[in-house]
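Enquirer: For reference, the structure I am asking about is given below.
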Amino acid sequence: MDLLTALVDKGLRREPPTRDEALAVLATSDDDLLDVVAAAGRVRRKWFGRRVKLNYLVNLKSGLCPEDCSYCSQRLGSQAGVLTYTWLKPEDAARTAAAGVAGGAKRVCLVASGRGPTDRDVERVSRTIAAIKEDNEDVEVCACLGLLSDGQAERLRAAGADAYNHNLNTSENTYADITTTHTYGDRVDTVERARSAGLSPCSGLIAGMGESDADLVDVVFALRALDPDSVPVNFLIPFEGTPLADEWNLTPQRCLRILAMVRFVCPDVEVRLAGGREVHLRTLQPLALNLANSIFLGDYLTSEGQAGQADLDMIADAGFEVEGADTATLPAHRADLAAARGCGGHDGAPAGVCGQDADGCGGGCGQGHPQAEPTGEAGGAEPAQGAAVAPGTVPGARRDLVAVRRRGAGTDLPPNA
Ligand code: SF4
């Protein structure tokens with residue numbers, strides 16, 4: 001297939017596809033799906049081998065957010081019934097983080113709900129970072145606290161944070177449809193603040209909110225322009241009790257096409273398979289490891305993932321290996337760039353990411369509306385540019401797989417790791 005040959009060649013040279021090529025990936029047929037995965041897999045292996053980085057989420061503060069992000073189970077007025085609690089004590093957060101590290105995670109992602117932290121919150125998170133690093137000095141810590149104000153990124157960096165996550169979530173054109181209490185521009189500003197402070201920038205998206213193919217391509221190209229070290233790809237978990245509860249627009253095949261498109265656009269960046277993988281990819285999760293080089297271990301912020309051991313078994317069974325703490329995540333050319341801007345991280349190349357996933361977030365994430373399933377053939381196909389969006393439930397949607405997290409942080413039960 002000419003399209004895929006061209007995209008592999010570009011990916012191996014770290015060149016982006018054209019916008020039409022990215023759209024054509026989303027428009028490939030199910031008959032071509034394995035060819036698409038194999039092609040993007042070649043790009044993934046070129047830059048990341050068969051390594052899978054494990055990350056562990058710790059929800060420091062859950063629910064009761066004043067923001068109105070439509071996708072979020074922690075939003076103002078959410079009836080999703082998620083755990084609600086205020087800031088974890090540093091020692092409790094460190095204990096939860098340690099479980100993730102013991103399970104193989106090399107990065108801990110500290111997330112808090114809310115528009116953004118107060119300076120007192122930053123102090124509190126700084127003490128939490130110290131408590132985590134006291135027990136596990138090599139672990140990477142990513143903070144995800146929402147919109148940052150002057151000086152806060154610098155204080156987090158000084159406290160030992162290696163990375164900062166803040167997702168763009170969806171295209172600039174549709175951002176106001178999913179959130180009204182902050183703007184797309186606010187989000188871009190926070191990612192830039194983090195980068196300027198020497199934090200490894202992590203920023204990603206949420207698919208399945210009803211966006212068109214054009215929206216998806218827009219946000220992924222916008223992310224490439226922001227040049228984060230890592231890009232989490234979330235698939236909307238349509239929680240009952242949130243405005244997007246009926247947006248079941250993703251099939252496993254669609255998820256794989258989206259991941260392949262992200263890999264082609266961001267060939268040498270850490271692409272993280274994030275929230276929603278168990279619900280939407282289901283038994284095709286192992287195929288996604290050919291596209292993403294990073295996943296979250298265990299549970300998410302407000303929803304349960306599969307058992308941590310099942311994650312490890314999946315990686316081994318699919319022929320991949322867990323990335324060790326002594327191995328740099330990013331290719332050398334990107335690690336050099338990160339070091340030049342003063343980013344931390346035990347490997348000198350911290351790939352950013354954390355929280356703000358499709359099941360909730362800390363301080364300003366995003367998610368949107370329903371999705372039109374693309375049709376057509378790769379290569380000679382008409383790209384589904386600006387495809388019309390219509391709400392609906394795809395065949396095979398598994399509402400029964402959405403489970404509110406009831407263990408780990410904020411409970412008396414051990415975390416899933
Ligand atoms: S995504 Fe973040 S900012 Fe938005 S409602 Fe949820 S917790 Fe609040």
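Residue numbers start at 1 in each chain; chains themselves are named A, B, ... in the order of the structure tokens; ligands are numbered from 1 in the order shown.
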What's the 8 Å shell around range 400-407 of chain A, counting only C-alpha atoms, without same-chain residues fewer than 5 positions away, as a PDB file with N, CA and C atoms, in the first residue's frame?
Expert:
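Okay, selection-v1.pdb is ready:
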ATOM      1  N   GLY A  81     -20.624   9.084  40.894  1.00  0.00           N
ATOM      2  CA  GLY A  81     -20.411   8.301  42.115  1.00  0.00           C
ATOM      3  C   GLY A  81     -18.975   7.897  42.351  1.00  0.00           C
ATOM      4  N   VAL A  82     -18.044   8.704  41.859  1.00  0.00           N
ATOM      5  CA  VAL A  82     -16.630   8.367  42.063  1.00  0.00           C
ATOM      6  C   VAL A  82     -16.214   8.720  43.483  1.00  0.00           C
ATOM      7  N   LEU A  83     -15.070   8.198  43.884  1.00  0.00           N
ATOM      8  CA  LEU A  83     -14.527   8.544  45.195  1.00  0.00           C
ATOM      9  C   LEU A  83     -14.298  10.044  45.272  1.00  0.00           C
ATOM     10  N   ILE A 237     -14.017   7.267  28.488  1.00  0.00           N
ATOM     11  CA  ILE A 237     -14.836   6.344  29.280  1.00  0.00           C
ATOM     12  C   ILE A 237     -16.126   7.091  29.593  1.00  0.00           C
ATOM     13  N   PHE A 239     -18.755   7.759  31.458  1.00  0.00           N
ATOM     14  CA  PHE A 239     -19.339   7.490  32.774  1.00  0.00           C
ATOM     15  C   PHE A 239     -20.815   7.865  32.808  1.00  0.00           C
ATOM     16  N   GLU A 278      -8.925  -0.624  28.326  1.00  0.00           N
ATOM     17  CA  GLU A 278      -9.594  -1.893  28.643  1.00  0.00           C
ATOM     18  C   GLU A 278     -11.035  -1.897  28.128  1.00  0.00           C
ATOM     19  N   VAL A 279     -11.672  -0.730  28.185  1.00  0.00           N
ATOM     20  CA  VAL A 279     -13.084  -0.625  27.815  1.00  0.00           C
ATOM     21  C   VAL A 279     -13.277  -0.669  26.301  1.00  0.00           C
ATOM     22  N   ASP A 299      -4.860   0.726  37.953  1.00  0.00           N
ATOM     23  CA  ASP A 299      -6.073   1.543  37.916  1.00  0.00           C
ATOM     24  C   ASP A 299      -5.802   2.961  37.413  1.00  0.00           C
ATOM     25  N   TYR A 300      -6.898   3.641  37.091  1.00  0.00           N
ATOM     26  CA  TYR A 300      -6.838   5.045  36.660  1.00  0.00           C
ATOM     27  C   TYR A 300      -7.301   5.934  37.817  1.00  0.00           C
ATOM     28  N   LEU A 301      -7.583   7.188  37.493  1.00  0.00           N
ATOM     29  CA  LEU A 301      -7.901   8.131  38.566  1.00  0.00           C
ATOM     30  C   LEU A 301      -9.193   7.768  39.275  1.00  0.00           C
ATOM     31  N   THR A 302     -10.223   7.544  38.496  1.00  0.00           N
ATOM     32  CA  THR A 302     -11.527   7.266  39.100  1.00  0.00           C
ATOM     33  C   THR A 302     -12.128   5.956  38.614  1.00  0.00           C
ATOM     34  N   SER A 303     -11.451   5.277  37.702  1.00  0.00           N
ATOM     35  CA  SER A 303     -11.984   4.000  37.202  1.00  0.00           C
ATOM     36  C   SER A 303     -10.957   2.900  37.397  1.00  0.00           C
ATOM     37  N   GLU A 304     -11.445   1.689  37.428  1.00  0.00           N
ATOM     38  CA  GLU A 304     -10.553   0.550  37.584  1.00  0.00           C
ATOM     39  C   GLU A 304     -10.017   0.112  36.235  1.00  0.00           C
ATOM     40  N   ASP A 412      -9.275   2.320  52.141  1.00  0.00           N
ATOM     41  CA  ASP A 412      -8.451   1.497  53.034  1.00  0.00           C
ATOM     42  C   ASP A 412      -7.959   0.231  52.339  1.00  0.00           C
ATOM     43  N   LEU A 413      -8.322   0.079  51.080  1.00  0.00           N
ATOM     44  CA  LEU A 413      -7.951  -1.143  50.368  1.00  0.00           C
ATOM     45  C   LEU A 413      -6.630  -0.967  49.626  1.00  0.00           C
ATOM     46  N   PRO A 414      -5.873  -2.034  49.454  1.00  0.00           N
ATOM     47  CA  PRO A 414      -4.596  -1.908  48.760  1.00  0.00           C
ATOM     48  C   PRO A 414      -4.788  -1.483  47.306  1.00  0.00           C
ATOM     49  N   PRO A 415      -3.816  -0.726  46.758  1.00  0.00           N
ATOM     50  CA  PRO A 415      -3.928  -0.309  45.360  1.00  0.00           C
ATOM     51  C   PRO A 415      -3.688  -1.474  44.411  1.00  0.00           C
ATOM     52  N   ASN A 416      -4.179  -1.301  43.190  1.00  0.00           N
ATOM     53  CA  ASN A 416      -4.003  -2.288  42.127  1.00  0.00           C
ATOM     54  C   ASN A 416      -2.696  -1.979  41.400  1.00  0.00           C
TER      55      ASN A 416
END
Enquirer: Could you go through range 223-280 of chain A and tell me which residues DSSP, when run on the backbone, assigns to alpha helix (DSSP H), listing them as a list in words?
Expert: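 The alpha helix (DSSP H) residues within range 223-280 of chain A come out as Leu223, Arg224, Ala225, Leu226, Pro252, Gln253, Arg254, Cys255, Leu256, Arg257, Ile258, Leu259, Ala260, Met261, Val262, Arg263, Phe264 and Val265 of chain A.
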Enquirer: Convert the current residue selection to file output with all heavy atoms, as a compact mmCIF listing (two decimals), in the first residue's frame.
Expert:
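Writing the result to result-v9.txt gives the following:
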# COMPACT_ATOMS: atom_id res chain seq x y z
N LEU A 223 -0.40 18.98 18.88
CA LEU A 223 0.50 18.40 19.87
C LEU A 223 1.92 18.31 19.31
O LEU A 223 2.89 18.63 19.99
CB LEU A 223 0.01 17.02 20.30
CG LEU A 223 -1.24 17.04 21.20
CD1 LEU A 223 -1.85 15.65 21.30
CD2 LEU A 223 -0.88 17.57 22.59
N ARG A 224 2.02 17.88 18.06
CA ARG A 224 3.36 17.81 17.46
C ARG A 224 4.02 19.20 17.48
O ARG A 224 5.20 19.33 17.77
CB ARG A 224 3.28 17.28 16.03
CG ARG A 224 4.68 17.17 15.42
CD ARG A 224 4.72 16.69 14.00
NE ARG A 224 6.04 16.93 13.45
CZ ARG A 224 6.99 16.02 13.25
NH1 ARG A 224 6.75 14.77 13.53
NH2 ARG A 224 8.17 16.36 12.76
N ALA A 225 3.24 20.22 17.21
CA ALA A 225 3.80 21.58 17.20
C ALA A 225 4.24 21.99 18.61
O ALA A 225 5.23 22.72 18.77
CB ALA A 225 2.76 22.56 16.67
N LEU A 226 3.53 21.51 19.64
CA LEU A 226 3.93 21.81 21.03
C LEU A 226 5.18 21.04 21.42
O LEU A 226 5.86 21.40 22.37
CB LEU A 226 2.80 21.42 21.98
CG LEU A 226 1.82 22.47 22.46
CD1 LEU A 226 0.84 21.85 23.48
CD2 LEU A 226 2.52 23.66 23.09
N PRO A 252 -12.67 -1.26 18.82
CA PRO A 252 -11.25 -1.59 18.97
C PRO A 252 -10.46 -1.21 17.72
O PRO A 252 -9.32 -0.71 17.81
CB PRO A 252 -11.26 -3.11 19.19
CG PRO A 252 -12.61 -3.39 19.77
CD PRO A 252 -13.54 -2.42 19.12
N GLN A 253 -11.05 -1.43 16.56
CA GLN A 253 -10.35 -1.12 15.30
C GLN A 253 -10.11 0.39 15.16
O GLN A 253 -9.04 0.82 14.72
CB GLN A 253 -11.15 -1.63 14.11
CG GLN A 253 -11.29 -3.14 14.02
CD GLN A 253 -12.35 -3.71 14.96
OE1 GLN A 253 -13.14 -2.97 15.54
NE2 GLN A 253 -12.34 -5.03 15.13
N ARG A 254 -11.10 1.15 15.53
CA ARG A 254 -10.97 2.60 15.48
C ARG A 254 -9.84 3.08 16.42
O ARG A 254 -9.04 3.95 16.05
CB ARG A 254 -12.30 3.24 15.88
CG ARG A 254 -12.28 4.74 16.10
CD ARG A 254 -12.20 5.49 14.80
NE ARG A 254 -12.41 6.92 14.98
CZ ARG A 254 -12.17 7.83 14.04
NH1 ARG A 254 -11.72 7.45 12.85
NH2 ARG A 254 -12.39 9.09 14.27
N CYS A 255 -9.79 2.51 17.60
CA CYS A 255 -8.73 2.87 18.55
C CYS A 255 -7.35 2.59 17.96
O CYS A 255 -6.42 3.39 18.11
CB CYS A 255 -8.90 2.11 19.86
SG CYS A 255 -10.38 2.56 20.79
N LEU A 256 -7.20 1.46 17.29
CA LEU A 256 -5.90 1.12 16.70
C LEU A 256 -5.54 2.11 15.60
O LEU A 256 -4.38 2.52 15.47
CB LEU A 256 -5.91 -0.31 16.17
CG LEU A 256 -5.98 -1.41 17.25
CD1 LEU A 256 -6.18 -2.78 16.61
CD2 LEU A 256 -4.69 -1.43 18.10
N ARG A 257 -6.51 2.49 14.78
CA ARG A 257 -6.23 3.47 13.72
C ARG A 257 -5.78 4.80 14.32
O ARG A 257 -4.87 5.45 13.81
CB ARG A 257 -7.47 3.71 12.86
CG ARG A 257 -7.84 2.58 11.96
CD ARG A 257 -9.00 2.99 11.04
NE ARG A 257 -9.59 1.82 10.46
CZ ARG A 257 -10.68 1.21 10.93
NH1 ARG A 257 -11.33 1.72 11.96
NH2 ARG A 257 -11.12 0.12 10.36
N ILE A 258 -6.44 5.22 15.40
CA ILE A 258 -6.08 6.48 16.03
C ILE A 258 -4.65 6.40 16.57
O ILE A 258 -3.83 7.30 16.37
CB ILE A 258 -7.08 6.82 17.16
CG1 ILE A 258 -8.45 7.15 16.55
CG2 ILE A 258 -6.57 7.98 18.01
CD1 ILE A 258 -9.58 7.21 17.58
N LEU A 259 -4.33 5.31 17.25
CA LEU A 259 -2.98 5.16 17.78
C LEU A 259 -1.94 5.14 16.66
O LEU A 259 -0.85 5.71 16.80
CB LEU A 259 -2.88 3.88 18.61
CG LEU A 259 -3.57 3.92 19.97
CD1 LEU A 259 -3.70 2.50 20.53
CD2 LEU A 259 -2.82 4.81 20.96
N ALA A 260 -2.27 4.48 15.56
CA ALA A 260 -1.33 4.44 14.43
C ALA A 260 -1.12 5.84 13.88
O ALA A 260 0.02 6.24 13.57
CB ALA A 260 -1.86 3.50 13.35
N MET A 261 -2.19 6.60 13.75
CA MET A 261 -2.06 7.96 13.23
C MET A 261 -1.17 8.79 14.16
O MET A 261 -0.29 9.54 13.71
CB MET A 261 -3.45 8.59 13.09
CG MET A 261 -3.47 9.96 12.44
SD MET A 261 -3.34 11.30 13.63
CE MET A 261 -5.01 11.30 14.33
N VAL A 262 -1.39 8.66 15.48
CA VAL A 262 -0.56 9.41 16.43
C VAL A 262 0.91 9.00 16.27
O VAL A 262 1.80 9.84 16.28
CB VAL A 262 -1.05 9.19 17.87
CG1 VAL A 262 -0.12 9.89 18.86
CG2 VAL A 262 -2.48 9.70 18.04
N ARG A 263 1.14 7.72 16.13
CA ARG A 263 2.54 7.27 15.98
C ARG A 263 3.18 7.84 14.72
O ARG A 263 4.33 8.28 14.75
CB ARG A 263 2.59 5.73 15.98
CG ARG A 263 3.97 5.15 15.72
CD ARG A 263 5.02 5.66 16.69
NE ARG A 263 4.86 5.11 18.04
CZ ARG A 263 5.45 5.65 19.13
NH1 ARG A 263 6.20 6.73 19.02
NH2 ARG A 263 5.26 5.11 20.32
N PHE A 264 2.45 7.88 13.63
CA PHE A 264 3.03 8.42 12.40
C PHE A 264 3.30 9.92 12.54
O PHE A 264 4.29 10.43 12.01
CB PHE A 264 2.10 8.17 11.20
CG PHE A 264 2.10 6.75 10.71
CD1 PHE A 264 0.90 6.05 10.53
CD2 PHE A 264 3.30 6.10 10.40
CE1 PHE A 264 0.90 4.75 10.06
CE2 PHE A 264 3.30 4.79 9.93
CZ PHE A 264 2.10 4.11 9.77
N VAL A 265 2.43 10.64 13.25
CA VAL A 265 2.62 12.09 13.37
C VAL A 265 3.70 12.41 14.41
O VAL A 265 4.43 13.39 14.27
CB VAL A 265 1.29 12.79 13.75
CG1 VAL A 265 1.49 14.29 13.97
CG2 VAL A 265 0.23 12.56 12.66
Enquirer: What's the 8 Å shell around range 168-177 of chain A, counting only C-alpha atoms, without same-chain residues fewer than 5 positions away, as a short mmCIF file (atom, residue, chain, number, x, y, z; two decimals) with N, CA, C and O atoms, in the first residue's frame?
Expert:
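The new file selection09.cif reads:
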data_model
loop_
_atom_site.label_atom_id
_atom_site.label_comp_id
_atom_site.auth_asym_id
_atom_site.auth_seq_id
_atom_site.Cartn_x
_atom_site.Cartn_y
_atom_site.Cartn_z
N THR A 183 -10.04 27.66 28.62
CA THR A 183 -9.91 27.64 27.17
C THR A 183 -8.75 26.75 26.72
O THR A 183 -7.86 26.41 27.49
N TYR A 184 -8.80 26.46 25.45
CA TYR A 184 -7.70 25.74 24.80
C TYR A 184 -6.39 26.52 25.00
O TYR A 184 -5.35 25.94 25.31
N ARG A 187 -4.70 25.99 28.19
CA ARG A 187 -3.97 24.72 28.26
C ARG A 187 -2.60 24.81 27.60
O ARG A 187 -1.61 24.33 28.13
N VAL A 188 -2.59 25.42 26.43
CA VAL A 188 -1.31 25.58 25.74
C VAL A 188 -0.35 26.37 26.62
O VAL A 188 0.83 26.03 26.76
N SER A 203 1.64 16.03 27.03
CA SER A 203 0.32 16.54 26.65
C SER A 203 -0.29 15.61 25.61
O SER A 203 0.38 15.21 24.66
N GLY A 204 -1.56 15.30 25.80
CA GLY A 204 -2.18 14.35 24.90
C GLY A 204 -3.62 14.70 24.58
O GLY A 204 -4.01 15.87 24.61
N LEU A 205 -4.39 13.67 24.28
CA LEU A 205 -5.74 13.87 23.77
C LEU A 205 -6.69 12.83 24.34
O LEU A 205 -6.27 11.86 24.96
N ILE A 206 -7.96 13.09 24.10
CA ILE A 206 -9.02 12.13 24.41
C ILE A 206 -9.81 11.90 23.12
O ILE A 206 -10.32 12.87 22.54
N ALA A 207 -9.89 10.67 22.70
CA ALA A 207 -10.66 10.33 21.50
C ALA A 207 -11.99 9.72 21.90
O ALA A 207 -12.11 9.13 22.98
N GLU A 211 -15.80 13.82 18.21
CA GLU A 211 -15.02 14.66 17.30
C GLU A 211 -14.96 14.01 15.91
O GLU A 211 -15.11 12.79 15.76
N ASP A 215 -10.92 16.81 13.42
CA ASP A 215 -10.59 17.28 14.77
C ASP A 215 -9.43 16.48 15.37
O ASP A 215 -8.53 17.04 15.99
N LEU A 216 -9.51 15.17 15.18
CA LEU A 216 -8.45 14.33 15.73
C LEU A 216 -7.09 14.68 15.11
O LEU A 216 -6.09 14.79 15.80
N ASP A 218 -6.31 17.48 13.74
CA ASP A 218 -5.95 18.83 14.22
C ASP A 218 -5.23 18.77 15.56
O ASP A 218 -4.19 19.41 15.76
N VAL A 219 -5.81 18.04 16.51
CA VAL A 219 -5.22 18.06 17.84
C VAL A 219 -3.87 17.34 17.84
O VAL A 219 -2.93 17.75 18.53
N ALA A 222 -1.43 19.68 16.42
CA ALA A 222 -1.17 20.74 17.41
C ALA A 222 -0.23 20.23 18.49
O ALA A 222 0.65 20.97 18.96
N LEU A 223 -0.40 18.98 18.88
CA LEU A 223 0.50 18.40 19.87
C LEU A 223 1.92 18.31 19.31
O LEU A 223 2.89 18.63 19.99
N CYS A 365 -8.74 19.17 32.17
CA CYS A 365 -8.50 18.27 31.05
C CYS A 365 -9.52 18.56 29.97
O CYS A 365 -9.99 19.65 29.86
N GLY A 366 -9.94 17.57 29.24
CA GLY A 366 -10.96 17.80 28.23
C GLY A 366 -11.46 16.53 27.57
O GLY A 366 -10.77 15.57 27.48
N GLN A 367 -12.63 16.52 27.15
CA GLN A 367 -13.26 15.45 26.37
C GLN A 367 -14.54 15.99 25.71
O GLN A 367 -15.13 16.92 26.20
N GLY A 368 -15.05 15.46 24.68
CA GLY A 368 -16.13 16.06 23.85
C GLY A 368 -17.35 15.27 23.39
O GLY A 368 -18.17 14.93 24.19
#
Enquirer: Write out as number ranges by chain all residues of range 112-359 of chain A that backbone DSSP assigns to strand (DSSP E).
Expert: A: 112, 140-144, 163-165, 200-202, 205-207, 230-235, 270-273, 294-296, 321-322
Enquirer: Go ahead and dump the residues you just picked, C-alpha atoms, as a short mmCIF file (atom, residue, chain, number, x, y, z; two decimals), in the first residue's frame.
Expert:
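out32.cif, freshly written:
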data_model
loop_
_atom_site.label_atom_id
_atom_site.label_comp_id
_atom_site.auth_asym_id
_atom_site.auth_seq_id
_atom_site.Cartn_x
_atom_site.Cartn_y
_atom_site.Cartn_z
CA ALA A 112 -5.28 16.38 41.58
CA GLU A 140 10.35 9.82 37.81
CA VAL A 141 7.61 12.05 39.16
CA CYS A 142 5.13 13.81 36.93
CA ALA A 143 2.71 16.33 38.37
CA CYS A 144 -0.72 16.95 36.91
CA ALA A 163 7.57 16.26 34.26
CA TYR A 164 4.24 18.00 34.03
CA ASN A 165 1.13 16.76 32.28
CA SER A 200 9.40 17.46 30.69
CA PRO A 201 6.18 18.40 28.90
CA CYS A 202 3.49 15.78 28.55
CA LEU A 205 -5.74 13.87 23.77
CA ILE A 206 -9.02 12.13 24.41
CA ALA A 207 -10.66 10.33 21.50
CA SER A 230 5.13 12.23 25.68
CA VAL A 231 1.60 12.05 24.34
CA PRO A 232 -1.04 10.13 26.29
CA VAL A 233 -3.88 8.87 24.11
CA ASN A 234 -7.06 8.47 26.11
CA PHE A 235 -10.25 6.84 24.90
CA GLU A 270 6.56 8.53 23.92
CA VAL A 271 3.04 7.58 22.93
CA ARG A 272 1.15 6.40 25.97
CA LEU A 273 -1.86 4.16 25.81
CA SER A 294 4.02 3.28 27.26
CA ILE A 295 0.97 2.40 29.37
CA PHE A 296 -0.47 3.04 32.81
CA GLU A 321 9.45 -6.09 27.74
CA VAL A 322 8.98 -3.69 30.63
#
Enquirer: Just want the 6 Å neighbourhood of Phe320 in chain A, counted on only C-alpha atoms, with same-chain residues fewer than 3 positions away dropped. Output as a list in words.
Expert: Arg50, Arg51, Ile315 and Ala316 of chain A
Enquirer: For the residues selected in the previous step, produce a file with C-alpha atoms as a CSV table (one decimal), in the first residue's frame.
Expert:
chain,number,residue,atom,x,y,z
A,50,ARG,CA,10.1,-3.6,22.1
A,51,ARG,CA,10.2,-1.7,25.4
A,315,ILE,CA,3.3,-7.3,27.8
A,316,ALA,CA,5.2,-10.5,28.1
Enquirer: So the first atom is atom 5 (S, counted along the ligand's line) of ligand 1 and the second is CA of Arg107 in chain A; what is the distance between them in Å, to one decimal place?
Expert: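 Between these atoms lies a distance of 23.9 Å.
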Enquirer: Which is closer to Asp20 in chain A than all the others in A:Phe221, A:Val52, A:Asn167, A:Pro286, using only C-alpha atoms?
Expert: A:Phe221
Enquirer: Which of these residues is nearest to ligand 1, using only C-alpha atoms and all ligand atoms: A:Leu76, A:Ala409, A:Ala332, A:Ala338?
Expert: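 Of A:Leu76, A:Ala409, A:Ala332, A:Ala338, the one nearest ligand 1, counting only C-alpha atoms and all ligand atoms, is A:Leu76.
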Enquirer: With distances taken over only C-alpha atoms, which residue among A:Leu147, A:Val269, A:Leu236, A:Val394 lies nearest Asn249 in chain A?
Expert: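 Closest candidate: A:Val394.
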Enquirer: Please, what distance in Å, to one decimal, runs between CA of Ala328 in chain A and CA of Arg44 in chain A?
Expert: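 Those two atoms sit 15.1 Å apart.
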Enquirer: Find the residues around Gly11 in chain A up to 6 Å (only C-alpha atoms counted), leave out those fewer than 4 positions away in its own chain, and share them as JSON, numbers by chain.
Expert: {"A": [7, 15, 43, 264, 267]}
Enquirer: Residues at most 9 Å from Tyr85 in chain A, counting only C-alpha atoms, excluding those fewer than 3 positions away in the same chain, as a ChimeraX atom specification?
Expert: /A:60-64,88,410
Enquirer: Please write the residues from the selection above to a file, keeping N, CA, C and O atoms, as a PDB file, in the first residue's frame.
Expert:
ATOM      1  N   LEU A  60      -4.293  12.338  43.948  1.00  0.00           N
ATOM      2  CA  LEU A  60      -4.043  12.997  45.229  1.00  0.00           C
ATOM      3  C   LEU A  60      -5.297  13.628  45.814  1.00  0.00           C
ATOM      4  O   LEU A  60      -5.408  13.809  47.016  1.00  0.00           O
ATOM      5  N   LYS A  61      -6.210  14.009  44.936  1.00  0.00           N
ATOM      6  CA  LYS A  61      -7.417  14.741  45.373  1.00  0.00           C
ATOM      7  C   LYS A  61      -8.489  14.418  44.349  1.00  0.00           C
ATOM      8  O   LYS A  61      -8.307  14.693  43.165  1.00  0.00           O
ATOM      9  N   SER A  62      -9.588  13.858  44.799  1.00  0.00           N
ATOM     10  CA  SER A  62     -10.543  13.278  43.847  1.00  0.00           C
ATOM     11  C   SER A  62     -11.922  13.918  43.934  1.00  0.00           C
ATOM     12  O   SER A  62     -12.492  14.066  45.020  1.00  0.00           O
ATOM     13  N   GLY A  63     -12.456  14.283  42.778  1.00  0.00           N
ATOM     14  CA  GLY A  63     -13.822  14.785  42.684  1.00  0.00           C
ATOM     15  C   GLY A  63     -13.979  16.229  43.119  1.00  0.00           C
ATOM     16  O   GLY A  63     -13.016  16.934  43.406  1.00  0.00           O
ATOM     17  N   LEU A  64     -15.258  16.684  43.105  1.00  0.00           N
ATOM     18  CA  LEU A  64     -15.617  18.014  43.614  1.00  0.00           C
ATOM     19  C   LEU A  64     -14.912  19.143  42.879  1.00  0.00           C
ATOM     20  O   LEU A  64     -14.602  20.183  43.455  1.00  0.00           O
ATOM     21  N   LEU A  88      -4.466  13.797  49.725  1.00  0.00           N
ATOM     22  CA  LEU A  88      -3.839  12.717  50.483  1.00  0.00           C
ATOM     23  C   LEU A  88      -2.659  13.278  51.259  1.00  0.00           C
ATOM     24  O   LEU A  88      -1.967  14.189  50.795  1.00  0.00           O
ATOM     25  N   GLY A 410      -7.229   6.953  48.698  1.00  0.00           N
ATOM     26  CA  GLY A 410      -8.500   7.445  49.201  1.00  0.00           C
ATOM     27  C   GLY A 410      -9.362   6.364  49.823  1.00  0.00           C
ATOM     28  O   GLY A 410     -10.482   6.641  50.249  1.00  0.00           O
TER      29      GLY A 410
END
Enquirer: Find the residues near Asn55 in chain A: any atom within 9 Å, counting only C-alpha atoms, skip ones fewer than 2 places away on the same chain, and give them as a ChimeraX atom specification.
Expert: /A:53,57,100-101,104-109,294-297,353-354
Enquirer: Determine the nearest neighbour of ligand 1 from the options A:Asp317, A:Asp68, A:Glu323, A:Asp162, counting only C-alpha atoms and all ligand atoms.
Expert: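 For ligand 1, the nearest of the candidates is A:Asp68.
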